[in-house]
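Shown below: data10.cif, with mmCIF, C-alpha atoms.
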data_start
loop_
_atom_site.label_atom_id
_atom_site.label_comp_id
_atom_site.auth_asym_id
_atom_site.auth_seq_id
_atom_site.Cartn_x
_atom_site.Cartn_y
_atom_site.Cartn_z
CA MET X 456 -40.16 21.48 -76.83
CA ALA X 457 -39.20 19.07 -74.05
CA GLN X 458 -37.13 20.59 -71.17
CA GLN X 459 -34.25 18.75 -69.64
CA ASN X 460 -32.37 19.22 -66.30
CA GLN X 461 -28.59 18.88 -65.90
CA SER X 462 -28.68 15.11 -65.62
CA GLY X 463 -30.69 14.87 -68.78
CA LYS X 464 -33.99 13.95 -67.26
CA ASP X 465 -37.13 15.23 -68.77
CA THR X 466 -38.82 17.59 -66.26
CA SER X 467 -41.69 18.64 -68.38
CA THR X 468 -43.76 15.58 -67.35
CA VAL X 469 -45.23 16.87 -63.95
CA THR X 470 -48.82 15.87 -64.32
CA PRO X 471 -51.75 17.43 -62.44
CA SER X 472 -52.37 14.16 -60.52
CA SER X 473 -48.79 13.89 -59.21
CA SER X 474 -48.89 17.53 -58.17
CA ARG X 475 -52.13 16.83 -56.28
CA ASN X 476 -50.54 13.79 -54.64
CA ASN X 477 -47.61 15.92 -53.49
CA ARG X 478 -50.00 18.50 -52.05
CA ASN X 479 -52.04 15.83 -50.25
CA SER X 480 -48.91 14.25 -48.87
CA LYS X 481 -47.69 17.62 -47.54
CA GLU X 482 -51.07 18.30 -45.94
CA ALA X 483 -51.04 14.86 -44.29
CA SER X 484 -47.55 15.52 -42.93
CA SER X 485 -48.60 18.88 -41.54
CA LYS X 486 -51.65 17.37 -39.87
CA LYS X 487 -49.55 14.57 -38.42
CA GLU X 488 -47.03 17.07 -37.09
CA ALA X 489 -49.83 19.22 -35.59
CA ILE X 490 -51.27 16.18 -33.82
CA ARG X 491 -47.80 15.26 -32.57
CA GLN X 492 -47.24 18.77 -31.23
CA ARG X 493 -50.59 18.69 -29.45
CA GLN X 494 -49.72 15.34 -27.87
CA LEU X 495 -46.32 16.68 -26.86
CA LYS X 496 -47.94 19.71 -25.25
CA ARG X 497 -50.51 17.52 -23.47
CA ARG X 498 -47.82 15.21 -22.07
CA ARG X 499 -45.76 18.15 -20.86
CA ASN X 500 -48.82 19.70 -19.24
CA GLN X 501 -49.37 16.40 -17.42
CA ILE X 502 -45.85 16.59 -16.02
CA ILE X 503 -46.39 20.17 -14.88
CA LEU X 504 -49.80 19.41 -13.34
CA VAL X 505 -48.53 16.40 -11.42
CA GLY X 506 -45.52 18.34 -10.19
CA ILE X 507 -47.45 21.43 -9.15
CA GLY X 508 -50.30 19.41 -7.63
CA VAL X 509 -48.01 17.33 -5.47
CA VAL X 510 -45.95 20.36 -4.39
CA VAL X 511 -49.05 22.36 -3.37
CA VAL X 512 -50.50 19.48 -1.37
CA ALA X 513 -47.09 18.84 0.19
CA ILE X 514 -46.65 22.47 1.25
CA ILE X 515 -50.07 22.57 2.88
CA GLY X 516 -49.53 19.20 4.56
CA ILE X 517 -46.06 19.99 5.84
CA PHE X 518 -47.13 23.42 7.11
CA THR X 519 -50.05 21.86 8.99
CA VAL X 520 -47.94 19.12 10.53
CA VAL X 521 -45.17 21.53 11.57
CA THR X 522 -47.70 23.95 13.11
CA LEU X 523 -49.36 21.16 15.06
CA SER X 524 -46.03 19.73 16.19
CA THR X 525 -44.30 22.94 17.23
CA PRO X 526 -44.43 23.18 21.01
CA THR X 527 -46.42 26.13 22.37
CA SER X 528 -44.15 28.74 23.94
CA PHE X 529 -44.97 30.15 27.35
CA ASN X 530 -43.74 33.18 29.26
CA ASN X 531 -43.06 33.55 32.96
CA ILE X 532 -43.09 29.91 33.86
CA PRO X 533 -42.40 29.82 37.64
CA ALA X 534 -38.74 29.21 38.29
CA SER X 535 -39.58 27.25 41.41
CA PRO X 536 -42.87 25.39 41.76
CA THR X 537 -45.64 26.47 44.13
CA GLN X 538 -47.12 23.41 45.75
CA ASP X 539 -50.83 23.39 46.47
CA THR X 540 -51.34 22.98 50.23
CA ASP X 541 -54.73 21.48 49.56
CA TYR X 542 -56.97 20.99 46.54
CA LEU X 543 -56.42 24.18 44.48
CA THR X 544 -55.46 25.95 47.71
CA ILE X 545 -52.39 27.91 48.70
CA GLY X 546 -51.60 29.44 52.06
CA SER X 547 -51.29 28.30 55.63
CA ALA X 548 -53.59 25.60 57.00
CA ASN X 549 -53.64 27.66 60.23
CA ALA X 550 -55.40 30.56 58.56
CA GLN X 551 -59.02 30.91 59.62
CA VAL X 552 -59.88 33.19 56.72
CA ALA X 553 -60.00 31.89 53.16
CA LEU X 554 -60.42 33.94 50.03
CA ILE X 555 -62.35 31.90 47.47
CA GLU X 556 -62.19 32.96 43.85
CA TYR X 557 -64.53 31.65 41.18
CA ALA X 558 -63.00 32.37 37.80
CA ASP X 559 -62.73 31.30 34.18
CA VAL X 560 -59.28 31.00 32.58
CA ARG X 561 -60.62 32.77 29.47
CA CYS X 562 -62.37 35.59 31.33
CA PRO X 563 -60.85 39.05 30.58
CA ALA X 564 -62.02 40.51 33.92
CA CYS X 565 -60.35 37.61 35.73
CA LYS X 566 -57.15 38.38 33.83
CA SER X 567 -57.41 42.06 34.83
CA TYR X 568 -57.84 41.13 38.49
CA PHE X 569 -54.88 38.74 38.21
CA ASP X 570 -52.68 41.50 36.80
CA GLN X 571 -53.83 44.34 39.03
CA ALA X 572 -54.53 42.89 42.45
CA GLU X 573 -53.74 39.25 42.94
CA SER X 574 -49.97 39.34 43.42
CA SER X 575 -50.36 42.07 46.07
CA ILE X 576 -53.01 40.05 47.89
CA ARG X 577 -50.79 37.00 47.85
CA ASP X 578 -47.76 38.94 49.02
CA THR X 579 -49.69 40.71 51.78
CA PHE X 580 -51.93 37.96 53.08
CA VAL X 581 -51.08 34.51 51.69
CA LYS X 582 -47.30 34.48 52.04
CA THR X 583 -47.62 35.90 55.55
CA GLY X 584 -49.86 33.04 56.55
CA GLN X 585 -52.90 35.22 57.25
CA ILE X 586 -55.29 33.69 54.75
CA LYS X 587 -55.74 30.69 52.52
CA TYR X 588 -56.50 31.33 48.87
CA ILE X 589 -58.79 28.86 47.13
CA PHE X 590 -59.41 28.76 43.39
CA ARG X 591 -62.52 27.29 41.86
CA ASN X 592 -63.40 27.01 38.18
CA TYR X 593 -66.57 28.65 36.93
CA THR X 594 -66.67 28.17 33.18
CA VAL X 595 -68.85 31.16 32.32
CA VAL X 596 -67.25 31.86 28.92
CA ASP X 597 -68.41 28.41 27.70
CA ASP X 598 -71.99 29.59 28.27
CA ILE X 599 -71.37 32.83 26.37
CA LEU X 600 -69.57 31.28 23.39
CA ARG X 601 -71.40 27.95 23.52
CA ASP X 602 -68.18 25.95 23.44
CA THR X 603 -66.20 23.83 25.87
CA ASP X 604 -62.73 25.41 25.87
CA SER X 605 -63.00 26.73 29.44
CA GLN X 606 -64.21 23.31 30.58
CA ARG X 607 -61.10 21.82 29.05
CA GLY X 608 -58.91 24.47 30.64
CA ALA X 609 -60.54 23.79 34.01
CA GLN X 610 -59.89 20.07 33.56
CA GLY X 611 -56.24 20.91 32.86
CA ILE X 612 -56.02 22.83 36.13
CA ARG X 613 -57.56 19.93 38.04
CA CYS X 614 -55.25 17.43 36.37
CA ALA X 615 -52.30 19.60 37.43
CA ALA X 616 -53.80 19.75 40.92
CA ASP X 617 -53.44 15.95 41.07
CA GLN X 618 -49.72 16.70 41.11
CA LYS X 619 -50.25 19.61 43.57
CA ARG X 620 -49.42 22.13 40.85
CA GLY X 621 -52.94 23.38 40.20
CA TRP X 622 -52.09 26.94 41.21
CA ASP X 623 -48.95 27.06 39.07
CA PHE X 624 -50.95 25.75 36.12
CA ARG X 625 -53.73 28.28 36.69
CA ASP X 626 -51.22 31.12 37.19
CA SER X 627 -49.41 30.20 33.97
CA MET X 628 -52.69 30.24 32.06
CA TYR X 629 -53.25 33.81 33.19
CA THR X 630 -49.67 34.97 32.58
CA ASN X 631 -50.01 33.45 29.10
CA TYR X 632 -53.55 34.64 28.59
CA ARG X 633 -54.71 33.87 25.07
CA GLY X 634 -58.01 35.72 24.98
CA GLU X 635 -61.51 34.41 25.23
CA SER X 636 -62.18 33.18 21.70
CA THR X 637 -63.00 29.62 20.77
CA GLY X 638 -59.90 27.59 20.01
CA VAL X 639 -57.42 29.49 22.21
CA ILE X 640 -57.29 26.63 24.69
CA THR X 641 -56.56 23.33 23.03
CA ASP X 642 -55.40 20.03 24.42
CA LYS X 643 -52.04 20.70 22.80
CA VAL X 644 -51.70 24.01 24.69
CA LEU X 645 -52.64 22.31 27.97
CA LYS X 646 -50.24 19.41 27.44
CA ASP X 647 -47.43 21.73 26.36
CA LEU X 648 -48.00 23.82 29.50
CA ALA X 649 -47.83 20.70 31.64
CA LYS X 650 -44.52 19.90 29.97
CA ALA X 651 -43.23 23.45 30.51
CA LEU X 652 -44.13 23.16 34.20
CA ASP X 653 -42.28 19.88 34.43
CA LEU X 654 -45.32 17.89 35.44
CA ASN X 655 -45.47 14.12 35.02
CA GLN X 656 -46.50 14.17 31.37
CA ASP X 657 -47.97 10.67 31.21
CA GLN X 658 -50.10 11.24 34.30
CA PHE X 659 -51.29 14.64 33.08
CA ASN X 660 -52.03 13.48 29.54
CA SER X 661 -53.92 10.44 30.77
CA CYS X 662 -56.00 12.62 33.10
CA LEU X 663 -56.83 15.02 30.26
CA ASP X 664 -57.35 12.40 27.55
CA THR X 665 -59.81 10.46 29.71
CA SER X 666 -61.61 13.70 30.73
CA LYS X 667 -61.19 12.54 34.30
CA TYR X 668 -62.55 15.75 35.80
CA LYS X 669 -65.19 16.70 33.25
CA GLN X 670 -68.09 15.89 35.56
CA ALA X 671 -66.32 17.34 38.58
CA VAL X 672 -65.87 20.69 36.81
CA ALA X 673 -69.54 20.67 35.81
CA ASP X 674 -70.56 19.85 39.40
CA GLU X 675 -68.35 22.65 40.73
CA LYS X 676 -70.24 25.06 38.49
CA THR X 677 -73.60 23.77 39.68
CA VAL X 678 -72.57 24.26 43.31
CA ALA X 679 -71.32 27.78 42.51
CA LYS X 680 -74.66 28.68 40.98
CA THR X 681 -76.48 27.65 44.16
CA LYS X 682 -74.25 30.11 46.02
CA GLY X 683 -75.32 32.87 43.65
CA VAL X 684 -72.31 32.91 41.33
CA SER X 685 -73.31 34.07 37.85
CA GLY X 686 -70.19 35.83 36.52
CA THR X 687 -66.46 35.97 37.02
CA PRO X 688 -64.43 36.76 38.98
CA THR X 689 -66.62 36.27 42.03
CA PHE X 690 -65.10 36.30 45.50
CA PHE X 691 -66.15 34.88 48.83
CA LEU X 692 -64.55 35.28 52.19
CA SER X 693 -64.82 32.07 54.15
CA ILE X 694 -64.37 32.32 57.88
CA ASN X 695 -64.31 28.95 59.55
CA GLY X 696 -66.55 27.57 56.81
CA ASN X 697 -69.03 30.47 56.71
CA GLU X 698 -68.92 32.04 53.30
CA GLN X 699 -69.90 35.57 52.39
CA GLU X 700 -69.61 37.09 48.94
CA ILE X 701 -67.45 40.22 48.59
CA LYS X 702 -67.42 42.51 45.61
CA TYR X 703 -64.16 43.25 43.83
CA THR X 704 -63.78 46.80 42.54
CA ASN X 705 -60.08 47.45 43.04
CA TYR X 706 -57.15 46.22 45.09
CA GLU X 707 -57.49 48.69 47.97
CA ASP X 708 -61.14 47.84 48.41
CA ILE X 709 -60.67 44.06 48.52
CA LYS X 710 -57.54 44.48 50.63
CA SER X 711 -59.46 46.37 53.29
CA LYS X 712 -62.18 43.72 53.39
CA ILE X 713 -59.67 40.91 53.78
CA ALA X 714 -57.71 42.84 56.39
CA ALA X 715 -60.87 43.40 58.43
CA ALA X 716 -61.70 39.71 58.30
CA VAL X 717 -58.17 38.73 59.29
CA GLN X 718 -58.20 41.18 62.18
CA GLN X 719 -61.31 39.52 63.52
CA ASN X 720 -60.06 36.02 62.76
CA PRO X 721 -56.28 35.85 62.93
CA PRO X 722 -54.43 32.63 62.06
CA ILE X 723 -54.38 29.98 64.74
CA THR X 724 -50.96 29.82 66.33
CA LYS X 725 -50.15 26.43 67.82
CA LYS X 726 -48.62 26.52 71.23
CA MET Q 1098 -23.21 13.11 -43.40
CA SER Q 1099 -20.13 13.21 -41.11
CA ILE Q 1100 -21.54 16.26 -39.30
CA ASN Q 1101 -24.80 14.40 -38.54
CA THR Q 1102 -22.87 11.37 -37.23
CA ASN Q 1103 -20.84 13.59 -34.90
CA THR Q 1104 -24.01 15.25 -33.60
CA VAL Q 1105 -25.62 11.89 -32.92
CA GLN Q 1106 -22.43 10.68 -31.19
CA GLU Q 1107 -22.27 13.86 -29.05
CA LYS Q 1108 -25.88 13.38 -28.07
CA LYS Q 1109 -25.15 9.78 -27.10
CA ASN Q 1110 -22.11 10.80 -25.04
CA SER Q 1111 -24.02 13.50 -23.16
CA GLY Q 1112 -26.80 10.98 -22.58
CA TYR Q 1113 -24.30 8.55 -21.06
CA LEU Q 1114 -22.86 11.27 -18.85
CA TYR Q 1115 -26.37 12.26 -17.75
CA ASP Q 1116 -27.17 8.65 -16.86
CA LEU Q 1117 -23.83 8.29 -15.11
CA LEU Q 1118 -24.48 11.38 -13.00
CA ILE Q 1119 -27.91 10.07 -12.00
CA ILE Q 1120 -26.50 6.67 -11.08
CA ILE Q 1121 -23.70 8.28 -9.03
CA LEU Q 1122 -26.26 10.34 -7.13
CA CYS Q 1123 -28.40 7.27 -6.47
CA LEU Q 1124 -25.37 5.41 -5.16
CA ALA Q 1125 -24.43 8.39 -2.98
CA GLY Q 1126 -27.96 8.28 -1.55
CA VAL Q 1127 -27.55 4.55 -0.89
CA GLY Q 1128 -24.32 5.36 0.91
CA VAL Q 1129 -25.79 8.06 3.15
CA ALA Q 1130 -28.97 6.15 3.97
CA GLY Q 1131 -26.96 2.97 4.36
CA TYR Q 1132 -24.66 4.59 6.90
CA LEU Q 1133 -27.59 5.93 8.93
CA SER Q 1134 -29.30 2.54 8.76
CA TYR Q 1135 -26.11 0.86 9.96
CA THR Q 1136 -25.77 3.18 12.96
CA ARG Q 1137 -29.43 2.61 13.78
CA LEU Q 1138 -29.24 -1.16 13.44
CA PHE Q 1139 -26.07 -1.58 15.44
CA ALA Q 1140 -26.65 1.30 17.89
CA GLN Q 1141 -23.50 3.07 16.78
CA ALA Q 1142 -22.74 6.72 17.40
CA ILE Q 1143 -23.21 8.84 14.29
CA ILE Q 1144 -20.17 10.72 13.02
CA CYS Q 1145 -21.24 14.35 13.08
CA VAL Q 1146 -19.82 17.84 12.69
CA GLU Q 1147 -18.90 19.90 15.76
CA GLY Q 1148 -22.11 21.12 17.41
CA GLY Q 1149 -24.24 19.10 15.03
CA GLY Q 1150 -27.51 17.53 16.09
CA CYS Q 1151 -27.15 14.16 14.35
CA GLU Q 1152 -27.99 12.14 17.46
CA THR Q 1153 -30.84 14.47 18.43
CA VAL Q 1154 -32.47 14.23 15.02
CA ASN Q 1155 -31.96 10.51 14.52
CA ASN Q 1156 -33.18 9.64 18.02
CA SER Q 1157 -36.28 11.84 17.81
CA GLN Q 1158 -39.78 10.48 17.39
CA TYR Q 1159 -39.74 11.80 13.82
CA ALA Q 1160 -36.95 9.36 12.90
CA LEU Q 1161 -39.62 6.64 12.88
CA LEU Q 1162 -42.55 6.25 10.50
CA LEU Q 1163 -45.13 3.71 11.67
CA GLY Q 1164 -42.42 2.18 13.81
CA ILE Q 1165 -39.96 1.84 10.91
CA PRO Q 1166 -36.74 3.86 11.04
CA VAL Q 1167 -36.81 6.50 8.33
CA SER Q 1168 -33.21 5.64 7.41
CA PHE Q 1169 -34.36 2.11 6.43
CA LEU Q 1170 -37.09 3.58 4.24
CA GLY Q 1171 -34.58 5.95 2.68
CA LEU Q 1172 -32.18 3.13 1.95
CA ALA Q 1173 -34.92 1.03 0.34
CA THR Q 1174 -36.00 4.00 -1.78
CA TYR Q 1175 -32.50 4.78 -3.00
CA ILE Q 1176 -31.93 1.09 -3.85
CA VAL Q 1177 -35.17 1.03 -5.85
CA LEU Q 1178 -34.21 4.28 -7.60
CA THR Q 1179 -30.79 2.87 -8.48
CA GLY Q 1180 -32.33 -0.30 -9.85
CA LEU Q 1181 -34.86 1.61 -11.94
CA VAL Q 1182 -32.23 4.00 -13.28
CA ILE Q 1183 -30.00 1.12 -14.38
CA THR Q 1184 -32.99 -0.69 -15.89
CA ARG Q 1185 -33.92 2.46 -17.74
CA TRP Q 1186 -30.41 2.78 -19.11
CA LEU Q 1187 -30.48 -0.80 -20.41
CA ILE Q 1188 -33.95 -0.40 -21.93
CA ALA Q 1189 -32.95 2.87 -23.61
CA ARG Q 1190 -29.96 1.16 -25.21
CA GLN Q 1191 -32.41 -1.26 -26.82
CA ASN Q 1192 -34.31 1.75 -28.20
CA ASN Q 1193 -37.54 0.62 -26.52
CA ILE Q 1194 -38.99 4.13 -26.44
CA PRO Q 1195 -42.44 3.42 -24.94
CA LEU Q 1196 -40.98 1.44 -22.01
CA THR Q 1197 -38.24 4.02 -21.51
CA TYR Q 1198 -40.92 6.71 -21.32
CA LYS Q 1199 -42.89 4.73 -18.70
CA LEU Q 1200 -39.72 4.27 -16.65
CA ASP Q 1201 -39.03 8.00 -16.88
CA TRP Q 1202 -42.50 8.70 -15.49
CA THR Q 1203 -41.98 6.14 -12.71
CA LEU Q 1204 -38.65 7.69 -11.77
CA PHE Q 1205 -40.20 11.17 -11.83
CA VAL Q 1206 -43.06 10.19 -9.51
CA LEU Q 1207 -40.83 8.20 -7.16
CA SER Q 1208 -38.27 10.98 -6.87
CA LEU Q 1209 -41.03 13.57 -6.39
CA GLY Q 1210 -42.56 11.54 -3.57
CA SER Q 1211 -39.15 11.09 -1.99
CA LEU Q 1212 -38.49 14.82 -2.28
CA VAL Q 1213 -41.79 15.61 -0.56
CA PHE Q 1214 -41.01 13.22 2.30
CA SER Q 1215 -37.50 14.60 2.58
CA SER Q 1216 -38.94 18.13 2.75
CA TYR Q 1217 -41.24 17.06 5.59
CA LEU Q 1218 -38.28 15.62 7.51
CA MET Q 1219 -36.26 18.79 6.93
CA ALA Q 1220 -39.14 20.96 8.16
CA MET Q 1221 -39.51 18.88 11.33
CA SER Q 1222 -35.75 18.96 11.88
CA LEU Q 1223 -35.54 22.74 11.52
CA PHE Q 1224 -38.77 23.93 13.15
CA VAL Q 1225 -39.79 21.26 15.64
CA ILE Q 1226 -36.68 19.36 16.72
CA LYS Q 1227 -34.60 22.51 16.13
CA ALA Q 1228 -31.49 20.52 15.28
CA THR Q 1229 -29.78 19.66 12.02
CA CYS Q 1230 -28.02 16.50 10.92
CA ILE Q 1231 -25.37 16.75 8.20
CA TRP Q 1232 -26.31 13.30 6.84
CA CYS Q 1233 -29.97 14.25 6.58
CA LEU Q 1234 -29.02 17.48 4.81
CA SER Q 1235 -26.85 15.51 2.38
CA SER Q 1236 -29.68 13.11 1.61
CA ALA Q 1237 -32.03 16.03 1.05
CA ALA Q 1238 -29.56 17.63 -1.35
CA ILE Q 1239 -29.09 14.35 -3.25
CA ILE Q 1240 -32.79 13.70 -3.71
CA THR Q 1241 -33.38 17.32 -4.75
CA VAL Q 1242 -30.76 17.17 -7.51
CA LEU Q 1243 -31.95 13.70 -8.54
CA PHE Q 1244 -35.51 14.93 -8.88
CA ILE Q 1245 -34.43 17.87 -11.01
CA LEU Q 1246 -32.39 15.65 -13.34
CA LEU Q 1247 -35.16 13.07 -13.65
CA ALA Q 1248 -37.76 15.76 -14.29
CA ILE Q 1249 -35.64 17.30 -17.03
CA ARG Q 1250 -35.14 13.90 -18.62
CA LEU Q 1251 -38.86 13.15 -18.58
CA TRP Q 1252 -39.51 16.58 -20.08
CA HIS Q 1253 -37.28 15.75 -23.03
CA SER Q 1254 -38.30 12.14 -23.37
CA VAL Q 1255 -41.87 13.11 -24.32
CA GLU Q 1256 -40.40 14.26 -27.64
CA GLU Q 1257 -39.28 10.70 -28.41
CA ILE Q 1258 -42.77 9.18 -28.09
#
Have the structure of the file written as structure tokens, please.
Amino acid sequence: MAQQNQSGKDTSTVTPSSSRNNRNSKEASSKKEAIRQRQLKRRRNQIILVGIGVVVVAIIGIFTVVTLSTPTSFNNIPASPTQDTDYLTIGSANAQVALIEYADVRCPACKSYFDQAESSIRDTFVKTGQIKYIFRNYTVVDDILRDTDSQRGAQGIRCAADQKRGWDFRDSMYTNYRGESTGVITDKVLKDLAKALDLNQDQFNSCLDTSKYKQAVADEKTVAKTKGVSGTPTFFLSINGNEQEIKYTNYEDIKSKIAAAVQQNPPITKK
Amino acid sequence: MSINTNTVQEKKNSGYLYDLLIIILCLAGVGVAGYLSYTRLFAQAIICVEGGGCETVNNSQYALLLGIPVSFLGLATYIVLTGLVITRWLIARQNNIPLTYKLDWTLFVLSLGSLVFSSYLMAMSLFVIKATCIWCLSSAAIITVLFILLAIRLWHSVEEI
């Protein structure tokens, strides 16, 4: 008996082949939709990857640039400059006695001496005109660490000395001591210090960039070695050009040695 | 049938509003960058808030990129963005889906690059120059919102392909 739907059409004529066609058509649609969803997902992943990739690279890049551009901060920059009276020398030209210090700006023992004894020596003997105080670079830490940071620091001091601010530069490196590791003294640190000390930046930078005093620092070290210098700090008392090494153990000890030398060789007073 | 028509119409209206918002932001960016470019070109003082660092920031070394004032680059970028956004709107009206999709990608990449550069300038302003400029902050805010809107649009436009 034929079946009819409400509109009178005969619905009993669904053949096996049309049913199979319907099934195939549905399967094709599903496959097409699955492919479309996969493409959609792939395109969205591309957006996410591009976005995240660019952001990560940008963060690293910006952080690096900001770190490199941020000026180094320094403590205890001298309020008023100390002018070198001669090349890396402070104190009266009339003094017959000179204290010569061979030191490395990265040397921890040099830093200890600077903190414990130097200001007292300068107050007692240099400011009173009794002695001259001469600083010389001896880049011993470069030999230990097999790098050139102390060389660079020494060049910075000499470049500052061109502007008669060698002692201020050297003092500021000790008051802002950064340790003795590789990488603690960079050109950026040296240039920022020159800026903090109000040096002529162009002159200083040019001196440093051209490594003007590289050979001179090396020669200074060679000369020091001939005098028996092998570590830092090493001190000499120079009396009218005659140099004799003195050992530093503590402030009282070195003070007594300087005092004895000054007593024998007081400053020349011009009549 | 009438419900479907309304839904399509609502979608069209919200699309128009979305495009309008993007265009307004682009034009605002043109305005800000244009003003800074004008002050740079004619050596005019920049109108700034009390205690603001507009002059400090815009006279710093970071206000130049390869010798070109950053404000000029910003202006050029915002003009290009505006042009692309308007082009995209016209193309979309013609139902050219593949080209619309390519334009969406272009806008996404351009706004992302601009956002990165703007972030760099903000970082230098805050951490190196240690001064802020209200105009620069405005531009940064504009490009940030623009990027978000363009990213969202690209995200949805992949469904149309």
Using all atoms listed in the file, which chain Q residues lie at most 10 Å away from chain X, written as a PyMOL selection string?
-> chain Q and resi 1202+1205-1206+1209-1210+1212-1214+1216-1227+1248+1251-1258
Using only C-alpha atoms, which of X:Ser693, X:Ser661, X:Asn631, X:Ser484 sits nearest X:Ile586?
-> X:Ser693
Return the single residue from X:Asn660, X:Ser627, X:Gln585, X:Thr637 that is closest to X:Asn530, with distances computed using all atoms listed in the file.
->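 Checking each candidate against X:Asn530, we get X:Ser627 as the closest.
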Who sits within 12 Å of Q:Glu1147, only C-alpha atoms, same chain under 4 positions skipped, as an MDAnalysis selection string | chainID Q and resid 1143 1151 1229:1231
Quick one, how far is atom CA of X:Gln610 from atom CA of X:Val581?
-> 24.8 Å
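Taking atom CA of Q:Ser1236 as the reference point, atom CA of Q:Ile1121 is found at 13.1 Å.
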For the file shown, report as an NGL selection string the outcome of the PyMOL selection byres ((chain Q and resi 1178) around 12) at residue level.
-> :Q and (1119-1127 or 1171-1177 or 1179-1185 or 1200-1201 or 1203-1211 or 1240 or 1243-1244 or 1247)
Just so the selection is clear, what residues does the PyMOL selection byres ((chain X and resi 558-562) around 6) cover here, as number ranges by chain?
-> X: 557, 563-565, 592-594, 634-635, 687-688
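The interatomic distance for the pair atom CA of Q:Thr1153 and atom CA of X:Cys662 works out to 29.2 Å.
For the structure in this document, the set picked by the PyMOL selection byres ((chain X and resi 639-643) around 8) is X:Thr527, X:Asp604, X:Ser605, X:Arg607, X:Gly608, X:Arg633, X:Gly634, X:Glu635, X:Ser636, X:Thr637, X:Gly638, X:Val644, X:Leu645, X:Lys646, X:Asp647, X:Leu663.
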Writing out the chosen residues with C-alpha atoms as a PDB file, in the coordinates of the input:
ATOM      1  CA  THR X 527     -46.420  26.130  22.370  1.00  0.00           C
ATOM      2  CA  ASP X 604     -62.730  25.410  25.870  1.00  0.00           C
ATOM      3  CA  SER X 605     -63.000  26.730  29.440  1.00  0.00           C
ATOM      4  CA  ARG X 607     -61.100  21.820  29.050  1.00  0.00           C
ATOM      5  CA  GLY X 608     -58.910  24.470  30.640  1.00  0.00           C
ATOM      6  CA  ARG X 633     -54.710  33.870  25.070  1.00  0.00           C
ATOM      7  CA  GLY X 634     -58.010  35.720  24.980  1.00  0.00           C
ATOM      8  CA  GLU X 635     -61.510  34.410  25.230  1.00  0.00           C
ATOM      9  CA  SER X 636     -62.180  33.180  21.700  1.00  0.00           C
ATOM     10  CA  THR X 637     -63.000  29.620  20.770  1.00  0.00           C
ATOM     11  CA  GLY X 638     -59.900  27.590  20.010  1.00  0.00           C
ATOM     12  CA  VAL X 644     -51.700  24.010  24.690  1.00  0.00           C
ATOM     13  CA  LEU X 645     -52.640  22.310  27.970  1.00  0.00           C
ATOM     14  CA  LYS X 646     -50.240  19.410  27.440  1.00  0.00           C
ATOM     15  CA  ASP X 647     -47.430  21.730  26.360  1.00  0.00           C
ATOM     16  CA  LEU X 663     -56.830  15.020  30.260  1.00  0.00           C
TER      17      LEU X 663
END
